[in-house]
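Report on the structure given below.
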Amino acid sequence: MFIEVLILIISLIALIYSADKFVFGAAAIARNYGIAPMIIGLTIVAMGSSAPEMVVAATASLQGAPDTAIGNAIGSNITNIALVLGLTALCKPLAVSSLTLKRELPILLIVTFIASYMLFDLNFSFIEGLLLMVGFLVFIISLLMVSIKQVKHHKIEDPMITEAQSEIPENVNNLVALAWLVFGLVLLPLSANYLVESATVIAKALGMSDLVIGLTIIAIGTSLPELAASVVSIIKKEDDLALGNIIGSNIFNILAVLALPGLIAPGVVDSEVASRDVPYMMALTILLFALCFSRSGHFRITRVKGGVIFIGFIVYQYLIFT
């Protein structure tokens, strides 16, 4: 068991590191070939934090464990809101922009509702997975079109776009960028494979289901990039980024990550998904939207609200293990 836990930790670190280097190499090559920084920022860089979840979901599905992949997507969304955002708001109250409330949170609510509806019948079909992936492509294209329109009309740029552009590497030799890209491409699936295998062994030894291992160990582990991004954002006093990273990641998790088990291994879903996990994810997303408002008319997530959200994470862990 000790060896399996060690493999799990090492593979998780390798997964996150390789995802970062893959994004670095891909973004550098794209920039060197003249692709606009905005496009790189909104596609390659923006998807970087969800890359671990995507690779794990694909690997688990290919290994015949779609419940692990589904659990990873749902568990990551619950973890992002209840653990990451809860802890972030406890450290520092977050101001929420009207743009976030008007555009990003409603999209998250809609896609969460759609995914919940798809999973309630406990059968996740290829068509449903395809619809989610098409929705992901539509979301990316729409985001690009809105952003390009803002720039053309000289409107104030979304801080999320500015931050994504600032993370694009400059003056990186093509050979170096290609080396990091290949390194990421090789290590990503390799580390994901070891992560899923070790997690499965640990789960069986502890009497846990594939779903639970995806909802807990893997979901919390693959949410570490979001936690790191949120901590950096509050240090920089960029509240919009802290919340925006979480909302963006959750949208990606539903549309791109959750789509993969449907596309690769469609079929019957664990009954706990409909009775416990999907309703909890939906409730937390609605709660997040509600907590962004305040009586004073300002849009803020206070420390008290952060505490409420974080308690939601503890309650969820209790529900899983009882």
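Convention: chains lettered A, B, ... in structure tokens order; per-chain residue numbering from 1; ligands numbered from 1 as shown.
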Report task. Do a neighbour search on Met133 in chain A at 8 Å with only C-alpha atoms, toss out local chain neighbours closer than 2 positions, and write the hits as a ChimeraX atom specification. Result -> /A:129-131,135-137,255-256,259
Give me the range 201-272 of chain A side of the contact with range 3-13 of chain A, cut-off 12 Å, one line per residue showing its nearest atom pair and distance in Å at one decimal, counting only C-alpha atoms, sorted by chain and residue number, as CSV.
residue,atom,partner,partner_atom,distance
A:Val201,CA,A:Glu4,CA,7.3
A:Ile202,CA,A:Glu4,CA,6.8
A:Ala203,CA,A:Glu4,CA,10.5
A:Lys204,CA,A:Glu4,CA,11.7
A:Ala205,CA,A:Glu4,CA,10.5
A:Ile213,CA,A:Leu8,CA,11.8
A:Ile217,CA,A:Leu8,CA,9.3
A:Ile218,CA,A:Leu12,CA,8.4
A:Ala219,CA,A:Leu12,CA,10.8
A:Ile220,CA,A:Leu12,CA,10.4
A:Gly221,CA,A:Leu12,CA,6.7
A:Thr222,CA,A:Leu12,CA,7.5
A:Ser223,CA,A:Leu12,CA,10.7
A:Leu224,CA,A:Ile13,CA,9.8
A:Pro225,CA,A:Ile13,CA,10.6
Could those residues be written to a file, using N, CA and C atoms, as a compact mmCIF listing (two decimals), in the first residue's frame?
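The new file selection_6.txt reads:
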# COMPACT_ATOMS: atom_id res chain seq x y z
N VAL A 201 -5.88 0.70 -7.29
CA VAL A 201 -5.38 -0.29 -6.33
C VAL A 201 -5.69 0.14 -4.90
N ILE A 202 -5.45 1.42 -4.60
CA ILE A 202 -5.72 1.97 -3.26
C ILE A 202 -7.22 1.89 -2.96
N ALA A 203 -8.02 2.24 -3.96
CA ALA A 203 -9.48 2.23 -3.79
C ALA A 203 -9.98 0.82 -3.45
N LYS A 204 -9.48 -0.16 -4.18
CA LYS A 204 -9.91 -1.55 -3.93
C LYS A 204 -9.45 -2.04 -2.56
N ALA A 205 -8.23 -1.64 -2.17
CA ALA A 205 -7.71 -2.05 -0.86
C ALA A 205 -8.53 -1.44 0.28
N ILE A 213 -13.08 7.21 -5.74
CA ILE A 213 -11.67 7.56 -5.91
C ILE A 213 -11.52 8.75 -6.86
N ILE A 217 -9.58 11.59 -4.06
CA ILE A 217 -8.13 11.71 -4.24
C ILE A 217 -7.75 12.37 -5.57
N ILE A 218 -8.33 11.85 -6.67
CA ILE A 218 -7.96 12.36 -8.00
C ILE A 218 -8.51 13.79 -8.20
N ALA A 219 -9.76 14.02 -7.78
CA ALA A 219 -10.37 15.34 -7.96
C ALA A 219 -9.61 16.41 -7.18
N ILE A 220 -9.28 16.12 -5.93
CA ILE A 220 -8.55 17.10 -5.11
C ILE A 220 -7.15 17.32 -5.69
N GLY A 221 -6.50 16.23 -6.09
CA GLY A 221 -5.16 16.34 -6.65
C GLY A 221 -5.10 17.18 -7.92
N THR A 222 -6.04 16.92 -8.85
CA THR A 222 -6.03 17.66 -10.12
C THR A 222 -6.56 19.08 -9.98
N SER A 223 -7.10 19.42 -8.80
CA SER A 223 -7.57 20.79 -8.56
C SER A 223 -6.47 21.68 -7.96
N LEU A 224 -5.31 21.10 -7.72
CA LEU A 224 -4.20 21.87 -7.13
C LEU A 224 -3.78 23.07 -7.98
N PRO A 225 -3.77 22.95 -9.34
CA PRO A 225 -3.41 24.13 -10.15
C PRO A 225 -4.38 25.30 -9.92
What are the DSSP strand (DSSP E or B) residues of range 106-300 of chain A, as a ChimeraX atom specification?
/A:123-124,267-268,300
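Of the residues listed (A:Phe22, A:Tyr280, A:Phe2, A:Phe124), A:Phe124 shows the shortest atom-to-atom separation from Ala69 in chain A; distances use only C-alpha atoms.
In this structure, CA of Pro189 in chain A sits 11.3 Å away from CA of Leu62 in chain A.
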- Non-local contacts of Val308 in chain A (9 Å; only C-alpha atoms; under 5 positions in same chain excluded) as a ChimeraX atom specification: /A:82,86,303
Selected residues, all heavy atoms, written as a PDB file, in the first residue's frame, please.
ATOM      1  N   ALA A  82     -16.035  24.502  -3.336  1.00  0.00           N
ATOM      2  CA  ALA A  82     -16.114  24.363  -1.878  1.00  0.00           C
ATOM      3  C   ALA A  82     -14.762  24.468  -1.182  1.00  0.00           C
ATOM      4  O   ALA A  82     -14.655  25.098  -0.135  1.00  0.00           O
ATOM      5  CB  ALA A  82     -16.781  23.032  -1.535  1.00  0.00           C
ATOM      6  N   GLY A  86     -13.607  28.430  -1.248  1.00  0.00           N
ATOM      7  CA  GLY A  86     -13.884  28.599   0.177  1.00  0.00           C
ATOM      8  C   GLY A  86     -12.652  29.048   0.934  1.00  0.00           C
ATOM      9  O   GLY A  86     -12.691  30.028   1.703  1.00  0.00           O
ATOM     10  N   ARG A 303     -15.595  36.616   4.090  1.00  0.00           N
ATOM     11  CA  ARG A 303     -14.990  35.492   4.814  1.00  0.00           C
ATOM     12  C   ARG A 303     -16.072  34.555   5.363  1.00  0.00           C
ATOM     13  O   ARG A 303     -15.895  33.339   5.379  1.00  0.00           O
ATOM     14  CB  ARG A 303     -14.112  36.006   5.948  1.00  0.00           C
ATOM     15  CG  ARG A 303     -12.758  36.531   5.485  1.00  0.00           C
ATOM     16  CD  ARG A 303     -11.824  36.727   6.661  1.00  0.00           C
ATOM     17  NE  ARG A 303     -10.487  37.090   6.206  1.00  0.00           N
ATOM     18  CZ  ARG A 303     -10.066  38.338   6.045  1.00  0.00           C
ATOM     19  NH1 ARG A 303     -10.902  39.347   6.303  1.00  0.00           N
ATOM     20  NH2 ARG A 303      -8.843  38.596   5.625  1.00  0.00           N
TER      21      ARG A 303
END
- Task: Write down as a PyMOL selection string the residues belonging to range 171-292 of chain A that are assigned helix (DSSP H, G or I) by DSSP computed on the backbone.
- Result: chain A and resi 174-205+210-222+224-235+239-257+259-264+271-291
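When only C-alpha atoms are used to measure the gap to Tyr17 in chain A, the shortest distance among A:Val232, A:Val269, A:Ala51, A:Leu178 belongs to A:Ala51.
One distance worth recording is that between CA of Tyr316 in chain A and CA of Leu263 in chain A, which is 28.1 Å.
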